[in-house]
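Q: Provided below: entry.cif, containing mmCIF, C-alpha atoms.
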```cif
data_protein
loop_
_atom_site.label_atom_id
_atom_site.label_comp_id
_atom_site.auth_asym_id
_atom_site.auth_seq_id
_atom_site.Cartn_x
_atom_site.Cartn_y
_atom_site.Cartn_z
CA MET W 30 0.00 0.00 0.00
CA SER W 31 1.33 3.48 -0.89
CA PHE W 32 0.34 6.89 0.49
CA SER W 33 0.23 10.32 -1.10
CA ASP W 34 2.22 13.20 0.38
CA SER W 35 -0.95 14.70 1.86
CA GLN W 36 -1.91 11.40 3.49
CA LEU W 37 1.58 10.98 4.97
CA LYS W 38 1.46 14.55 6.31
CA LYS W 39 -1.92 13.87 7.93
CA ILE W 40 -0.64 10.67 9.58
CA GLN W 41 2.46 12.48 10.84
CA ASP W 42 0.33 15.28 12.35
CA GLN W 43 -1.87 12.71 14.10
CA LEU W 44 1.17 10.95 15.55
CA GLU W 45 2.59 14.24 16.81
CA ARG W 46 -0.73 15.15 18.49
CA SER W 47 -0.93 11.69 20.07
CA GLN W 48 2.61 12.00 21.40
CA SER W 49 1.84 15.45 22.83
CA TRP W 50 -1.32 14.10 24.45
CA LEU W 51 0.57 11.22 26.06
CA GLU W 52 3.20 13.59 27.40
CA GLU W 53 0.48 15.79 28.96
CA ILE W 54 -1.11 12.78 30.69
CA GLN W 55 2.24 11.62 32.00
CA SER W 56 2.96 15.09 33.34
CA GLU W 57 -0.43 15.24 35.10
CA ILE W 58 0.11 11.81 36.69
CA GLU W 59 3.54 12.81 38.01
CA SER W 60 2.13 16.10 39.33
CA SER W 61 -0.72 14.29 41.14
CA GLN W 62 1.67 11.78 42.69
CA SER W 63 3.86 14.62 43.93
CA THR W 64 0.87 16.47 45.44
CA LEU W 65 -0.50 13.37 47.16
CA GLY W 66 2.89 12.15 48.32
CA ILE W 67 2.69 9.00 46.23
CA SER W 68 5.98 7.54 45.05
CA THR W 69 6.40 5.04 42.30
CA PRO W 70 8.07 1.90 43.67
CA ALA W 71 11.44 1.19 42.13
CA LEU W 72 11.69 -2.04 40.24
CA THR W 73 14.13 -4.44 41.87
CA LYS W 74 16.69 -5.69 39.40
CA PRO W 75 17.56 -9.38 39.61
CA PRO W 76 21.18 -10.05 40.62
CA GLN W 77 23.61 -10.32 37.72
CA LEU W 78 25.15 -13.66 36.87
CA SER W 79 28.94 -13.56 36.88
CA ILE W 80 30.70 -15.06 33.85
CA LEU W 81 34.40 -15.82 34.19
CA PHE W 82 36.56 -15.80 31.05
CA TYR W 83 40.10 -17.20 30.94
CA ARG W 84 42.86 -16.18 28.53
CA ASP W 85 46.50 -16.96 27.99
CA TYR W 86 47.11 -14.05 25.63
CA GLY W 87 50.40 -14.38 23.76
CA GLY W 88 49.55 -11.84 21.05
CA PHE W 89 46.71 -10.94 18.73
CA THR W 90 45.23 -13.86 16.74
CA GLY W 91 41.93 -14.62 15.08
CA GLY W 92 41.12 -16.98 17.96
CA HIS W 93 41.56 -14.21 20.54
CA LEU W 94 39.46 -11.88 18.37
CA LYS W 95 36.52 -14.28 18.47
CA VAL W 96 36.74 -14.69 22.27
CA TRP W 97 36.80 -10.87 22.45
CA ASP W 98 33.59 -10.84 20.38
CA TYR W 99 31.92 -13.25 22.79
CA PHE W 100 33.06 -11.21 25.79
CA ASN W 101 31.40 -8.17 24.21
CA HIS W 102 28.24 -10.15 23.51
CA VAL W 103 27.88 -10.66 27.26
CA THR W 104 28.31 -6.94 27.98
CA PHE W 105 25.23 -6.23 25.84
CA ALA W 106 23.03 -8.25 28.21
CA PRO W 107 22.32 -6.48 31.53
CA ARG W 108 21.62 -9.81 33.21
CA TYR W 109 25.28 -10.86 33.07
CA ALA W 110 28.52 -9.51 34.51
CA PRO W 111 31.59 -10.69 32.59
CA SER W 112 35.17 -10.57 33.86
CA ILE W 113 38.41 -12.02 32.57
CA TYR W 114 41.51 -13.55 34.13
CA PHE W 115 44.81 -13.41 32.22
CA THR W 116 47.70 -15.72 32.97
CA PRO W 117 50.78 -13.97 34.42
CA GLN W 118 52.68 -14.50 31.16
CA SER W 119 49.95 -12.95 29.02
CA SER W 120 50.90 -10.03 26.81
CA ARG W 121 49.56 -6.69 27.94
CA ASP W 122 50.58 -4.59 24.95
CA ARG W 123 48.33 -2.24 23.00
CA ASN W 124 47.12 -5.09 20.77
CA ASN W 125 45.35 -6.70 23.73
CA PRO W 126 41.77 -5.40 23.25
CA TRP W 127 40.69 -6.07 26.85
CA LEU W 128 43.19 -3.55 28.19
CA ASN W 129 41.08 -0.74 26.73
CA LEU W 130 38.18 -1.70 28.99
CA ASP W 131 37.35 -0.48 32.48
CA LYS W 132 39.74 -2.17 34.92
CA LYS W 133 36.79 -3.68 36.79
CA PHE W 134 36.53 -6.32 34.04
CA ILE W 135 40.12 -7.57 34.52
CA LEU W 136 40.89 -9.86 37.45
CA SER W 137 44.18 -10.42 39.29
CA GLN W 138 42.86 -13.85 40.35
CA PRO W 139 40.02 -16.00 38.99
CA LEU W 140 36.66 -15.58 40.69
CA PRO W 141 36.37 -18.23 43.44
CA ASN W 142 32.68 -18.94 42.76
CA PRO W 143 31.52 -17.71 39.35
CA ASP W 144 27.99 -18.43 38.16
CA LEU W 145 29.22 -19.40 34.67
CA ILE W 146 32.58 -20.11 33.04
CA PHE W 147 33.57 -19.38 29.43
CA MET W 148 36.67 -20.93 27.90
CA GLU W 149 38.34 -21.71 24.59
CA GLY W 150 41.26 -23.74 23.30
CA LEU W 151 43.74 -24.74 26.00
CA ASP W 152 41.99 -22.74 28.74
CA TRP W 153 41.03 -26.05 30.39
CA GLN W 154 44.60 -26.21 31.66
CA LEU W 155 43.93 -23.11 33.79
CA LEU W 156 40.77 -24.49 35.37
CA ASP W 157 40.57 -25.80 38.92
CA GLN W 158 40.11 -29.57 39.12
CA LYS W 159 36.72 -29.18 40.81
CA TYR W 160 35.28 -27.87 37.54
CA LYS W 161 36.59 -30.70 35.36
CA HIS W 162 34.46 -33.54 36.67
CA ASN W 163 30.72 -32.92 36.31
CA SER W 164 30.88 -29.33 37.50
CA SER W 165 27.77 -27.89 39.09
CA ILE W 166 28.67 -24.57 37.44
CA PRO W 167 27.81 -24.44 33.73
CA ILE W 168 30.88 -24.28 31.49
CA ILE W 169 30.72 -22.88 27.96
CA ASN W 170 33.51 -24.11 25.69
CA LEU W 171 34.03 -22.27 22.39
CA ILE W 172 35.40 -24.67 19.76
CA GLN W 173 37.12 -22.87 16.89
CA HIS W 174 38.91 -25.74 15.17
CA VAL W 175 38.40 -29.30 14.00
CA ARG W 176 41.75 -30.22 15.61
CA HIS W 177 39.93 -30.61 18.94
CA GLY W 178 38.87 -33.94 17.48
CA TYR W 179 42.40 -35.06 16.57
CA PRO W 180 43.50 -37.74 19.12
CA ASP W 181 47.12 -36.48 19.05
CA ASN W 182 46.09 -32.88 19.78
CA PRO W 183 46.46 -31.59 23.37
CA ARG W 184 42.87 -30.31 23.24
CA TYR W 185 41.42 -33.76 22.59
CA PRO W 186 41.42 -35.00 26.24
CA PHE W 187 39.32 -31.99 27.27
CA LEU W 188 36.34 -33.36 25.36
CA LYS W 189 35.67 -35.81 28.18
CA TYR W 190 34.89 -32.92 30.54
CA LYS W 191 31.29 -31.80 30.68
CA ALA W 192 30.66 -28.52 28.86
CA ILE W 193 28.21 -26.77 26.57
CA ARG W 194 30.27 -26.53 23.41
CA ILE W 195 29.71 -23.88 20.76
CA CYS W 196 31.22 -24.75 17.37
CA VAL W 197 31.95 -21.86 15.01
CA SER W 198 31.03 -23.93 11.95
CA PRO W 199 28.82 -26.94 11.16
CA GLU W 200 31.92 -28.76 9.93
CA ILE W 201 33.40 -28.75 13.45
CA LYS W 202 30.23 -30.17 15.00
CA GLN W 203 30.02 -32.87 12.35
CA TYR W 204 33.69 -33.78 12.83
CA LEU W 205 33.41 -34.02 16.62
CA GLU W 206 30.25 -36.12 16.41
CA THR W 207 32.00 -38.50 14.03
CA HIS W 208 35.50 -38.71 15.53
CA ALA W 209 35.25 -38.04 19.26
CA GLN W 210 33.33 -38.83 22.45
CA VAL W 211 32.03 -35.47 23.61
CA ASN W 212 30.62 -34.89 27.10
CA GLY W 213 27.85 -32.30 26.84
CA GLU W 214 25.70 -30.53 24.28
CA LEU W 215 27.07 -29.34 20.92
CA PHE W 216 25.73 -26.17 19.28
CA VAL W 217 26.68 -24.37 16.07
CA ILE W 218 26.93 -20.59 15.90
CA PRO W 219 28.64 -19.64 12.62
CA CYS W 220 31.40 -17.07 12.98
CA GLY W 221 30.10 -13.53 12.83
CA LEU W 222 31.97 -10.68 11.19
CA ASP W 223 31.99 -7.17 12.65
CA LEU W 224 30.92 -5.34 9.52
CA THR W 225 31.36 -1.95 11.20
CA GLN W 226 35.12 -2.54 11.08
CA ILE W 227 35.16 -3.35 7.38
CA PRO W 228 36.07 -0.42 5.05
CA GLU W 229 33.67 0.58 2.31
CA SER W 230 34.46 -1.33 -0.87
CA LEU W 231 36.32 0.51 -3.58
CA ASP W 232 34.77 0.51 -7.03
CA TRP W 233 36.17 -2.25 -9.22
CA GLU W 234 37.88 0.32 -11.47
CA GLN W 235 39.67 1.82 -8.45
CA LYS W 236 41.24 -1.46 -7.41
CA ASP W 237 44.82 -2.44 -8.27
CA ASP W 238 45.52 -4.85 -11.12
CA HIS W 239 47.55 -7.27 -9.03
CA ILE W 240 47.00 -10.55 -7.23
CA LEU W 241 47.31 -10.46 -3.46
CA ILE W 242 48.42 -13.67 -1.71
CA ALA W 243 47.61 -13.78 2.01
CA ALA W 244 50.10 -16.44 3.13
CA LEU W 245 50.70 -15.75 6.80
CA LYS W 246 50.10 -19.43 7.65
CA GLU W 247 51.72 -20.87 4.51
CA PRO W 248 54.60 -18.54 3.50
CA GLU W 249 56.53 -21.13 1.47
CA LEU W 250 53.48 -22.07 -0.58
CA GLY W 251 52.76 -18.35 -1.05
CA GLN W 252 56.25 -17.84 -2.43
CA THR W 253 55.83 -20.79 -4.80
CA LEU W 254 52.57 -19.35 -6.16
CA LYS W 255 54.14 -15.91 -6.54
CA ILE W 256 57.00 -17.28 -8.64
CA GLU W 257 54.65 -19.26 -10.87
CA LEU W 258 52.30 -16.32 -11.40
CA GLU W 259 55.13 -13.88 -12.20
CA LYS W 260 56.37 -16.25 -14.91
CA THR W 261 53.22 -15.42 -16.87
CA GLY W 262 53.52 -11.67 -16.30
CA ASN W 263 51.13 -11.26 -13.36
CA LYS W 264 51.78 -8.60 -10.73
CA VAL W 265 51.75 -10.22 -7.29
CA GLU W 266 51.89 -8.94 -3.72
CA LEU W 267 52.77 -11.54 -1.08
CA LEU W 268 51.84 -11.15 2.60
CA THR W 269 53.75 -13.44 4.96
CA THR W 270 53.97 -11.37 8.15
CA GLN W 271 51.34 -9.90 10.42
CA ILE W 272 50.49 -6.26 9.84
CA PRO W 273 48.00 -3.93 11.58
CA ARG W 274 44.45 -5.06 10.91
CA SER W 275 43.39 -1.76 9.29
CA GLU W 276 46.33 -1.98 6.87
CA TYR W 277 45.52 -5.61 6.11
CA LEU W 278 41.86 -4.84 5.33
CA ASP W 279 42.98 -1.93 3.13
CA LYS W 280 45.18 -4.30 1.10
CA LEU W 281 42.24 -6.69 0.65
CA ASN W 282 40.10 -3.78 -0.46
CA ARG W 283 42.60 -2.60 -3.06
CA ALA W 284 43.18 -6.03 -4.62
CA LYS W 285 40.96 -7.28 -7.44
CA ILE W 286 41.93 -10.89 -6.66
CA THR W 287 43.07 -12.31 -3.32
CA VAL W 288 44.39 -15.82 -2.74
CA PHE W 289 43.95 -16.91 0.87
CA LEU W 290 46.12 -19.74 2.18
CA PRO W 291 44.71 -21.30 5.37
CA ASN W 292 46.55 -23.91 7.44
CA GLN W 293 47.14 -26.75 5.00
CA LYS W 294 48.14 -29.46 7.48
CA GLU W 295 45.57 -28.98 10.25
CA GLY W 296 42.77 -27.31 8.31
CA GLU W 297 40.64 -24.54 9.84
CA GLY W 298 37.55 -24.36 11.98
CA PHE W 299 35.97 -21.56 9.94
CA TYR W 300 38.52 -19.21 8.34
CA LEU W 301 37.25 -15.67 8.73
CA PRO W 302 39.78 -14.02 6.33
CA ALA W 303 37.92 -15.40 3.30
CA LEU W 304 34.72 -13.82 4.61
CA GLU W 305 36.55 -10.52 5.12
CA GLY W 306 37.64 -10.69 1.49
CA MET W 307 34.04 -11.12 0.36
CA ALA W 308 33.00 -8.17 2.55
CA VAL W 309 35.49 -5.75 0.95
CA GLY W 310 34.79 -6.86 -2.61
CA THR W 311 37.89 -8.75 -3.71
CA LEU W 312 37.52 -11.93 -5.75
CA VAL W 313 38.22 -14.69 -3.24
CA ILE W 314 40.24 -17.80 -3.95
CA CYS W 315 40.49 -19.99 -0.86
CA PRO W 316 41.39 -23.70 -1.04
CA ASP W 317 39.39 -26.27 0.90
CA CYS W 318 40.32 -26.22 4.61
CA ILE W 319 37.26 -28.10 6.01
CA GLY W 320 35.84 -25.17 8.01
CA ASN W 321 35.20 -22.97 4.95
CA ARG W 322 32.92 -25.42 3.13
CA SER W 323 29.68 -24.01 4.53
CA PHE W 324 30.22 -20.46 3.24
CA CYS W 325 32.88 -20.68 0.50
CA ILE W 326 30.66 -21.88 -2.36
CA SER W 327 32.87 -22.41 -5.38
CA GLY W 328 31.53 -20.75 -8.52
CA TYR W 329 28.98 -18.74 -6.52
CA ASN W 330 30.89 -16.40 -4.19
CA CYS W 331 34.49 -17.60 -4.60
CA TRP W 332 36.74 -20.35 -5.87
CA ARG W 333 37.45 -23.19 -3.42
CA PRO W 334 39.93 -25.46 -5.19
CA ASP W 335 41.63 -28.54 -3.78
CA TYR W 336 44.62 -27.61 -1.67
CA ARG W 337 47.23 -28.24 -4.38
CA VAL W 338 49.41 -25.75 -6.25
CA GLU W 339 48.02 -26.79 -9.64
CA SER W 340 44.41 -26.45 -8.51
CA ILE W 341 45.01 -23.02 -6.97
CA LEU W 342 46.78 -21.74 -10.09
CA ASN W 343 43.91 -23.03 -12.22
CA ALA W 344 41.41 -21.16 -10.02
CA ILE W 345 43.45 -17.96 -10.40
CA GLN W 346 43.36 -18.30 -14.18
CA GLN W 347 39.58 -18.72 -14.07
CA ALA W 348 39.28 -15.54 -11.98
CA LEU W 349 41.51 -13.61 -14.40
CA GLN W 350 39.34 -14.66 -17.35
CA CYS W 351 36.00 -13.67 -15.78
CA SER W 352 33.81 -11.24 -17.71
CA GLN W 353 32.66 -8.03 -16.04
CA THR W 354 29.21 -9.56 -15.56
CA GLN W 355 30.68 -12.66 -13.90
CA VAL W 356 32.85 -10.49 -11.66
CA GLN W 357 29.90 -8.40 -10.48
CA GLU W 358 27.78 -11.49 -9.81
CA MET W 359 30.55 -13.11 -7.81
CA LEU W 360 31.15 -9.94 -5.79
CA ALA W 361 27.43 -9.48 -5.10
CA HIS W 362 27.11 -13.05 -3.85
CA GLY W 363 30.20 -12.56 -1.68
CA LYS W 364 28.75 -9.41 -0.14
CA GLN W 365 25.50 -11.21 0.59
CA THR W 366 27.38 -14.06 2.27
CA ALA W 367 29.35 -11.64 4.43
CA ASN W 368 26.19 -9.77 5.45
CA GLU W 369 24.55 -13.05 6.46
CA HIS W 370 27.46 -13.76 8.82
CA ASN W 371 27.12 -10.58 10.84
CA LEU W 372 28.06 -10.19 14.49
CA LEU W 373 24.50 -9.39 15.57
CA LYS W 374 23.25 -12.81 14.50
CA GLU W 375 26.10 -14.43 16.42
CA ARG W 376 25.25 -12.36 19.51
CA GLN W 377 21.54 -13.20 19.38
CA ALA W 378 22.25 -16.93 19.07
CA PHE W 379 24.73 -16.88 21.96
CA LEU W 380 22.49 -14.89 24.29
CA GLU W 381 19.66 -17.32 23.62
CA ILE W 382 21.91 -20.14 24.86
CA LEU W 383 22.89 -18.05 27.89
CA ASP W 384 19.28 -17.35 28.77
CA ASN W 385 18.57 -21.09 28.78
CA ILE W 386 21.89 -22.20 30.21
CA TYR W 387 20.62 -23.99 33.31
CA ALA W 388 17.98 -25.93 31.38
CA ILE W 389 20.65 -27.01 28.88
CA TRP W 390 23.13 -27.89 31.65
#
```
What's the structure tokens form of this structure?

A:
Amino acid sequence: MSFSDSQLKKIQDQLERSQSWLEEIQSEIESSQSTLGISTPALTKPPQLSILFYRDYGGFTGGHLKVWDYFNHVTFAPRYAPSIYFTPQSSRDRNNPWLNLDKKFILSQPLPNPDLIFMEGLDWQLLDQKYKHNSSIPIINLIQHVRHGYPDNPRYPFLKYKAIRICVSPEIKQYLETHAQVNGELFVIPCGLDLTQIPESLDWEQKDDHILIAALKEPELGQTLKIELEKTGNKVELLTTQIPRSEYLDKLNRAKITVFLPNQKEGEGFYLPALEGMAVGTLVICPDCIGNRSFCISGYNCWRPDYRVESILNAIQQALQCSQTQVQEMLAHGKQTANEHNLLKERQAFLEILDNIYAIW
């Protein structure tokens, strides 16, 4: 249904009169209460539930970033009071995001009796023994990698401890259900991306005509691809060291094509960099790393070749030969995928688990 300008103006006037009328009534009620000595009883807030986070922070990583996201999710819910304990050896440099918070959130010692515990990775090693064997306190365990299900991985023995486990991809949940005995419920909350931190995409014509290779985890393979691509006259920029996040995102934004090289040996639990590439509008080439299968849809929003040099080079050639129409379709699908994996959806899903934590436990 559509409205004419005059109809819209009439509706707006009615709304303004209604609002004014409500304000007058409220003012009269408050005045009467004041005259009669009536006070409005204050609503009693329920006590907050304390949530204890643990971190052994050796420097900024994607894993720490996601725990930081979950810590912030808790701060958006008035019912909960998060705090975090860092190990003595943890880095406290400017890259530690928690150090920018009010000091009340940072503990010198773990809470003796928290209402809830949140942990990730090897944090189980920091936990008191009383929590490891059918704890009465609910424990939330964020699982960011399929390697938790590898019997030779130090994280594997922790699966026997009771916890509510949140997997950042469906691939992790499926792997754990197939390869491990897990004590407690398994949930999937796909990794969310903070789109407010992503720069606005440059127009395709403004981007640089070079291929960016993000090879922080596989520098030797990145160098091999660079040599092969330069043999055929391609301009290549190779990233093998960590740089400030804003600079990194700017490089993704400027590149028409980006090749992402996740961990080849261990795979990945999700692999957020590929999603970041889609968000900024670079053509994404990301080989199969298990955790990217649910959102890296080859031929739709990216290329997801087998993790072999020949397959990756073939995918790059396909990207170079795309028509303008194919490029725009691929970029549009990538943007849509990134928008679907936003941080708000992640927060809503997590807070729903929190609000039902005791029933789940």

Q: Between W:Tyr109, W:Phe289, W:Phe324, W:Phe299, which has the minimum distance to Tyr336 in chain W (counting all atoms listed in the file)?

A: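 Under the stated criterion, the closest residue is W:Phe289.
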
Q: CA of Val309 in chain W and CA of Leu254 in chain W, how far apart in Å?

A: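 Going from CA of Leu254 in chain W over to CA of Val309 in chain W covers 23.0 Å.
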
Q: Given all atoms listed in the file as the basis, pick out the residue of W:Gly150, W:Gly296, W:Pro76, W:Pro334 nearest to Arg184 in chain W.

A: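 Looking only at the distances to Arg184 in chain W, the closest residue turns out to be W:Gly150.
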
Q: Taking only C-alpha atoms into account, name the residue in W:Phe379, W:Gly310, W:Phe89, W:Ala110 that is nearest to Asn170 in chain W.

A: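 Ranking W:Phe379, W:Gly310, W:Phe89, W:Ala110 by distance to Asn170 in chain W, first place goes to W:Phe379.
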
Q: Find the spatial neighbours of Ala284 in chain W, counting all atoms listed in the file, within a cut-off of 8 Å - ignore same-chain residues fewer than 3 positions away - and output them as a count of residues only.

A: 10

Q: Could you tell me how far CA of Val103 in chain W sits from CA of Ile146 in chain W, in Å to one decimal place?

A: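 If I compute the distance from CA of Ile146 in chain W to CA of Val103 in chain W, I get 12.0 Å.
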
Q: Find, counting all atoms listed in the file, the residue in W:Pro199, W:Pro111, W:Pro228, W:Pro186 that gets nearest to Ile135 in chain W.

A: W:Pro111

Q: Carefully work through the PyMOL selection byres ((chain W and resi 213) around 10) for this structure and note down the residues it includes, as a list in words.

A: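 When the PyMOL selection byres ((chain W and resi 213) around 10) is applied to the shown file, the picked residues are Asn163, Ile168, Ile169, Leu188, Lys189, Tyr190, Lys191, Ala192, Ile193, Arg194, Gln210, Val211, Asn212, Glu214, Leu215, Phe216, Ile389 and Trp390 of chain W.
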
Q: Produce a file of the selected residues containing C-alpha atoms, as a PDB file, in the frame of the given file.

A:
```pdb
ATOM      1  CA  ASN W 163      30.720 -32.920  36.310  1.00  0.00           C
ATOM      2  CA  ILE W 168      30.880 -24.280  31.490  1.00  0.00           C
ATOM      3  CA  ILE W 169      30.720 -22.880  27.960  1.00  0.00           C
ATOM      4  CA  LEU W 188      36.340 -33.360  25.360  1.00  0.00           C
ATOM      5  CA  LYS W 189      35.670 -35.810  28.180  1.00  0.00           C
ATOM      6  CA  TYR W 190      34.890 -32.920  30.540  1.00  0.00           C
ATOM      7  CA  LYS W 191      31.290 -31.800  30.680  1.00  0.00           C
ATOM      8  CA  ALA W 192      30.660 -28.520  28.860  1.00  0.00           C
ATOM      9  CA  ILE W 193      28.210 -26.770  26.570  1.00  0.00           C
ATOM     10  CA  ARG W 194      30.270 -26.530  23.410  1.00  0.00           C
ATOM     11  CA  GLN W 210      33.330 -38.830  22.450  1.00  0.00           C
ATOM     12  CA  VAL W 211      32.030 -35.470  23.610  1.00  0.00           C
ATOM     13  CA  ASN W 212      30.620 -34.890  27.100  1.00  0.00           C
ATOM     14  CA  GLU W 214      25.700 -30.530  24.280  1.00  0.00           C
ATOM     15  CA  LEU W 215      27.070 -29.340  20.920  1.00  0.00           C
ATOM     16  CA  PHE W 216      25.730 -26.170  19.280  1.00  0.00           C
ATOM     17  CA  ILE W 389      20.650 -27.010  28.880  1.00  0.00           C
ATOM     18  CA  TRP W 390      23.130 -27.890  31.650  1.00  0.00           C
TER      19      TRP W 390
END
```

Q: Apply the PyMOL selection byres ((chain W and resi 298) around 9) to the displayed file and report the matching residues as a PyMOL selection string.

A: chain W and resi 172-176+196-198+200-201+296-297+299-300+318-321

Q: Could you jot down the CA of Asn385 in chain W to CA of Asn101 in chain W separation for me, Å, one decimal place?

A: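 Going from CA of Asn385 in chain W over to CA of Asn101 in chain W covers 18.8 Å.
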
Q: Could you check which of W:Leu373, W:Leu81, W:Val96, W:Ile386 is closest to Ser112 in chain W, using all atoms listed in the file?

A: W:Leu81

Q: If you count only C-alpha atoms, which residues fall within 10 Å of range 360-370 of chain W, apart from same-chain ones fewer than 3 positions away, as a PDB file with C-alpha atoms, in the coordinates of the input?

A:
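What follows is the written file result02.pdb:
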```
ATOM      1  CA  ILE W 218      26.930 -20.590  15.900  1.00  0.00           C
ATOM      2  CA  PRO W 219      28.640 -19.640  12.620  1.00  0.00           C
ATOM      3  CA  CYS W 220      31.400 -17.070  12.980  1.00  0.00           C
ATOM      4  CA  GLY W 221      30.100 -13.530  12.830  1.00  0.00           C
ATOM      5  CA  LEU W 222      31.970 -10.680  11.190  1.00  0.00           C
ATOM      6  CA  ASP W 223      31.990  -7.170  12.650  1.00  0.00           C
ATOM      7  CA  LEU W 224      30.920  -5.340   9.520  1.00  0.00           C
ATOM      8  CA  SER W 230      34.460  -1.330  -0.870  1.00  0.00           C
ATOM      9  CA  TRP W 233      36.170  -2.250  -9.220  1.00  0.00           C
ATOM     10  CA  LEU W 301      37.250 -15.670   8.730  1.00  0.00           C
ATOM     11  CA  ALA W 303      37.920 -15.400   3.300  1.00  0.00           C
ATOM     12  CA  LEU W 304      34.720 -13.820   4.610  1.00  0.00           C
ATOM     13  CA  GLU W 305      36.550 -10.520   5.120  1.00  0.00           C
ATOM     14  CA  GLY W 306      37.640 -10.690   1.490  1.00  0.00           C
ATOM     15  CA  MET W 307      34.040 -11.120   0.360  1.00  0.00           C
ATOM     16  CA  ALA W 308      33.000  -8.170   2.550  1.00  0.00           C
ATOM     17  CA  VAL W 309      35.490  -5.750   0.950  1.00  0.00           C
ATOM     18  CA  GLY W 310      34.790  -6.860  -2.610  1.00  0.00           C
ATOM     19  CA  THR W 311      37.890  -8.750  -3.710  1.00  0.00           C
ATOM     20  CA  LEU W 312      37.520 -11.930  -5.750  1.00  0.00           C
ATOM     21  CA  VAL W 313      38.220 -14.690  -3.240  1.00  0.00           C
ATOM     22  CA  PHE W 324      30.220 -20.460   3.240  1.00  0.00           C
ATOM     23  CA  CYS W 325      32.880 -20.680   0.500  1.00  0.00           C
ATOM     24  CA  ILE W 326      30.660 -21.880  -2.360  1.00  0.00           C
ATOM     25  CA  TYR W 329      28.980 -18.740  -6.520  1.00  0.00           C
ATOM     26  CA  ASN W 330      30.890 -16.400  -4.190  1.00  0.00           C
ATOM     27  CA  CYS W 331      34.490 -17.600  -4.600  1.00  0.00           C
ATOM     28  CA  THR W 354      29.210  -9.560 -15.560  1.00  0.00           C
ATOM     29  CA  GLN W 355      30.680 -12.660 -13.900  1.00  0.00           C
ATOM     30  CA  VAL W 356      32.850 -10.490 -11.660  1.00  0.00           C
ATOM     31  CA  GLN W 357      29.900  -8.400 -10.480  1.00  0.00           C
ATOM     32  CA  LEU W 373      24.500  -9.390  15.570  1.00  0.00           C
ATOM     33  CA  LYS W 374      23.250 -12.810  14.500  1.00  0.00           C
ATOM     34  CA  GLU W 375      26.100 -14.430  16.420  1.00  0.00           C
TER      35      GLU W 375
END
```

Q: Go through W:Ile166, W:Met148, W:Arg108, W:Phe82 one by one, measure the shortest atom-to-atom distance of each to Trp127 in chain W using only C-alpha atoms, and give the residue with the smallest value.

A: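 Selected residue with least distance to Trp127 in chain W: W:Phe82.
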
Q: Can you give me, as a ChimeraX atom specification, the residues this file yields under the PyMOL selection byres ((chain W and resi 83) around 10)?

A: /W:81-82,84-86,96,112-116,136,139,146-149,151-153,155-156

Q: Kindly provide, as AutoDock Vina command-line options, the centre and edge lengths (Å, one decimal) of an axis-aligned box around all atoms of range 356-362 of chain W given in the file, with 3 Å on each side.

A:
```
--center_x 30.0 --center_y -10.8 --center_z -7.8 --size_x 11.7 --size_y 10.7 --size_z 13.8
```

Q: Show me, as a PyMOL selection string, the residues that have an atom within 12 Å of Arg337 in chain W when counting only C-alpha atoms, minus same-chain residues fewer than 5 positions from it.

A: chain W and resi 250-251+253-254+290+293-294+315-318+342-344
